[in-house]
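These notes concern the structure reproduced below.
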Protein chains: 2
Amino acid sequence: MSEHEIDSRGVRGFRFAGVSAGLKKKGGLDLGLVVADDDVPAAAVLTRNLVRAAPVELTERRIERGRARAVLVNSGNANACTGKPGLAAAKATTEAVAEAIGASKKEVLPASTGVIGHLLPAERVIAAVPALVSDLAEDGVARFARAIMTTDRWPKVARVALDLGGETVTVLGIAKGAGMIHPDMATTLAFVVTDAAVTSAFLRKALRRATSSTFNAVSVDGETSTNDTIVAMASGRAKKPIRAGEKDGKRFVSALTDVLGALARTIVKDGEGAEHVVTLEVRGAPSDAAAERVAERVARSLLVKTAIHGCDPNWGRILSAAGVAGVSFDPTEVAIEIGDVVVAKDGMGVDGVERRAADVMKRAEYTIRVTLGRGRGESHITFCDIGHEYVRINADYRT
Amino acid sequence: MSEHEIDSRGVRGFRFAGVSAGLKKKGGLDLGLVVADDDVPAAAVLTRNLVRAAPVELTERRIERGRARAVLVNSGNANACTGKPGLAAAKATTEAVAEAIGASKKEVLPASTGVIGHLLPAERVIAAVPALVSDLAEDGVARFARAIMTTDRWPKVARVALDLGGETVTVLGIAKGAGMIHPDMATTLAFVVTDAAVTSAFLRKALRRATSSTFNAVSVDGETSTNDTIVAMASGRAKKPIRAGEKDGKRFVSALTDVLGALARTIVKDGEGAEHVVTLEVRGAPSDAAAERVAERVARSLLVKTAIHGCDPNWGRILSAAGVAGVSFDPTEVAIEIGDVVVAKDGMGVDGVERRAADVMKRAEYTIRVTLGRGRGESHITFCDIGHEYVRINADYRT
């Protein structure tokens with residue numbers, strides 16, 4: 001996967017489009033559409049925020065069937081906290097698309113990203129639908145990827161090809177990132193299309209499993225958006241059906257995980273000005289859930305993020321953040337490694353390693369490993385520092 | 001209370017000192033001592049972090065008696081994550097003080113703040129004890145207040161006088177602040193001395209109650225230090241005993257709350273470059289505990305802190321942060337007020353109020369009120385924005 005050049009190739013059974021509907025203040029592509037040739041197996045993972053945007057509400061209802069024909073995505077307006085008028089706007093716009101592509105309205109899923117608290121101008125979206133549908137093309141991935149961006153510095157596309165009994169099956173993912181503390185923008189959207197022949201039930205399970213170790217294991221600014229949405233659709237153009245429990249099923253889940261993992265990492269990298277992408281591994285916890293709590297608490301610590309930004313091997317901050325995660329461990333048993341450098345052992349610092357640890361921290365990507373004790377619980381999270389771009393944005397704010 | 005000029009007057013029954021022991025790299029006062037004339041009723045509130053510094057461990061053991069004679073405080077070194085040698089250093093230094101003032105070692109409580117993970121150089125502290133004890137004076141409050149500072153911009157002292165049956169009783173508090181994301185420094189220390197005649201049990205209860213609505217209701221950067229310590233001591237020089245349940249008891253708790261409240265507010269104000277101190281009131285929650293969870297989640301949201309810094313009445317971020325607090329509420333019932341401006345009602349924005357709300361947000365101090373629904377639970381928290389000083393520190397970091 002390249003981050004900056006977009007491979008526009010699609011996947012059998014899908015067409016993609018991206019046009020401008022005048023939703024973004026600065027102009028540019030802001031309305032995207034993915035259409036399958038038929039009503040195909042589909043699954044979604046939606047935000048766990050109690051406050052959910054209108055498109056999330058509607059997508060949740062419509063995905064219950066386990067099938068979908070299209071996804072309509074707009075940037076420039078989140079259509080969140082907009083009440084019944086917001087829901088009406090999400091319905092009206094998806095209905096316009098359904099009509100234009102000859103689908104039932106329940107077959108079109110909406111997703112939005114942008115400013116919270118402003119009603120989506122449905123009339124602008126509806127007016128752009130004819131152009132949007134004309135723009136549909138099998139190799140329209142690049143335009144779709146650009147149309148869903150907000151403050152992303154680059155479009156995010158990842159592709160994995162699987163050889164299944166001599167046939168190439170593709171898993172293609174397209175995402176937009178969560179900016180670091182950017183005004184009105186912390187939404188993650190990701191769309192996965194594949195020509196694999198899978199059932200709705202299997203696709204749903206596979207998506208949940210792949211999400212838990214990828215999108216649910218990254219942290220940019222610790223926020224969960226009102227609009228976070230991941231949708232997967234499978235056209236079933238491949239001849240050989242994939243079933244859960246079989247070897248091919250595992251390979252498909254693995255490919256889906258690779259695609260979502262690649263997208264999640266590039267989202268963290270694009271976390272407005274992040275200079276360091278850190279994978280934090282927590283081991284030796286009483287349980288996986290406990291390890292996850294510690295990982296999340298450390299990853300959202302401002303003191304830890306600042307230390308990472310300053311390439312400062314300040315392991316005391318990591319230990320201190322772990323100590324407030326609500327997990328029971330013995331601080332005097334904790335070991336902390338930065339890259340391959342053991343900086344703390346038995347809860348105390350190791351002498352003479354600061355410079356080597358600081359050198360590791362100058363890298364763009366590295367791993368920090370926290371071993372809490374002798375438990376078997378483990379978890380990992382990928383997160384970033386508070387970067388220069390963040391500083392710049394904040395400084396500009398007032399001038 | 002003035003923030004920048006220090007009133008050096010003490011309280012009957014106590015002497016104060018501050019000297020330099022060479023613990024701070026940049027020099028200056030870094031060793032403070034408060035000594036009571038006798039072994040008097042005392043109470044402490046200590047960090048809830050699982051990872052606790054050696055002085056916290058020792059103070060917890062020694063305060064069990066409910067009495068203390070002295071508190072030895074150093075800045076420049078937290079003596080945290082220093083294992084058994086750290087505990088030995090805390091013991092040795094407090095024993096040196098005990099010997100010098102003619103007390104038993106268990107009567108001296110230690111407290112430390114500064115860099116984590118470096119052993120307290122006990123020999124330097126012990127070498128400074130004679131000078132420290134010579135420096136003790138009834139009006140030594142200013143020197144003590146300066147000795148416990150780390151990156152604080154000003155010393156923090158608050159005093160409330162109570163008239164109890166014709167006699168003036170004083171509650172005096174001295175604190176140091178938690179800098180905003182400053183390297184190695186997020187510790188809160190506060191010391192309260194009073195000439196009130198109270199029992200240990202009452203002082204303990206009063207301190208816990210006063211802390212819960214003050215120090216436990218402020219948030220600078222969402223961190224809980226390994227060293228946070230509040231100690232209260234009562235010399236009992238006042239003639240009239242104060243008892244729980246009586247009117248004077250309530251007045252004493254109220255005075256203690258005022259002192260801790262004033263100290264907590266000045267700590268937030270001093271949160272490295274904070275420009276806005278915001279009191280967030282959460283009402284209409286299912287319970288007080290639920291309201292507290294929502295208040296804490298909103299106060300540590302980077303998106304909310306950034307909006308406050310930018311004077312941007314971006315209520316969607318507040319609602320979104322509330323939505324991930326793990327509290328059940330109906331988003332379509334939520335109202336949000338910024339100062340006296342209702343910016344959202346029934347979960348939706350109110351038109352035409354943005355400018356007025358932005359004007360409120362230009363103030364140095366204001367209130368945001370979130371009404372979740374029709375429950376009776378409420379809570380409040382005082383927090384600050386991410387200020388210019390923070391930006392500067394982060395920008396300087398790499399140059």
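Naming scheme: A, B, ... for chains in displayed order of the structure tokens; residues 1 onward per chain; ligands 1 onward as shown.
Non-sequential neighbours of Arg363 (chain A) (distance at most 12 Å, separation of 5 or more positions within a chain, only C-alpha atoms) are Glu275, His276, Val277, Val278, Ile308, His309, Gly310, Cys311, Ile338, Gly339, Arg356, Ala357 and Ala358 of chain A.
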Practice item. Would you kindly return, as a VMD selection string, each protein, DNA or RNA residue with an atom no farther than 12 Å from any atom of Thr188 (chain A), considering only C-alpha atoms and excluding same-chain residues fewer than 5 positions away? Key: chain A and resid 45 to 47 75 78 111 to 114 148 to 152 156 174 to 180 215 to 216 218 to 220 223 to 231 260 263 to 264 266 to 268 270 to 271
Practice item. Considering only C-alpha atoms, return as number ranges by chain whatever protein or nucleic-acid residues lie within 7 Å of Pro110 (chain B), sequence-local ones (same chain, fewer than 2 positions apart) excluded. Key: B: 55, 59, 71-73, 90, 94, 108, 112
Review point. Could you name the residues that touch region 190-200 of chain A at 7 Å or less, counting only C-alpha atoms, but leaving out those on the same chain fewer than 2 positions away, as a VMD selection string?
Key: chain A and resid 11 to 13 41 to 43 66 to 67 169 to 176 188 202 to 204 229 to 238 240 to 243
Exercise for review: Do a neighbour search on Asp346 (chain A) at 8 Å with only C-alpha atoms, toss out local chain neighbours closer than 4 positions, and write the hits as a list of chain:residue names.
Suggested key: A:Pro331, A:Thr332, A:Glu333, A:Val334, A:Ala335
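Straight-line separation from CA of Ala307 (chain B) to CA of Asp330 (chain B): 23.7 Å.
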Exercise for review: Please provide the set of residues having any atom within 12 Å of Val327 (chain B), restricted to only C-alpha atoms, with same-chain residues fewer than 3 positions apart removed, written as a PyMOL selection string.
Suggested key: (chain A and resi 49-51) or (chain B and resi 284-297+321-324+330-331+372-373+377)
Practice item. Mind the document's chain letters and residue numbers, and return as a PyMOL selection string the residues of region 7-231 of chain A that DSSP labels helix (DSSP H, G or I). Key: chain A and resi 54-63+83-101+105-107+122-134+141-147+200-212+215-217
Point to revise | Residues of region 231-348 of chain B in strand (DSSP E), written as a count of residues only | key: 23
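One distance worth recording is that between CA of Ala142 (chain A) and CA of Ile6 (chain A), which is 5.9 Å.
CA of Glu365 (chain B) is positioned 18.6 Å from CA of Leu302 (chain B).
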Point to revise | Residue contacts of Ser213 (chain B) (12 Å, only C-alpha atoms) excluding same-chain residues fewer than 4 positions away, as a PyMOL selection string | key: chain B and resi 206-209+217-218+253-254+256-262+264-265+292+378-382
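Nearest to chain B of all the residues A:Ile116, A:Val160, A:Ile126, A:Ala274 is A:Ile116, based on only C-alpha atoms.
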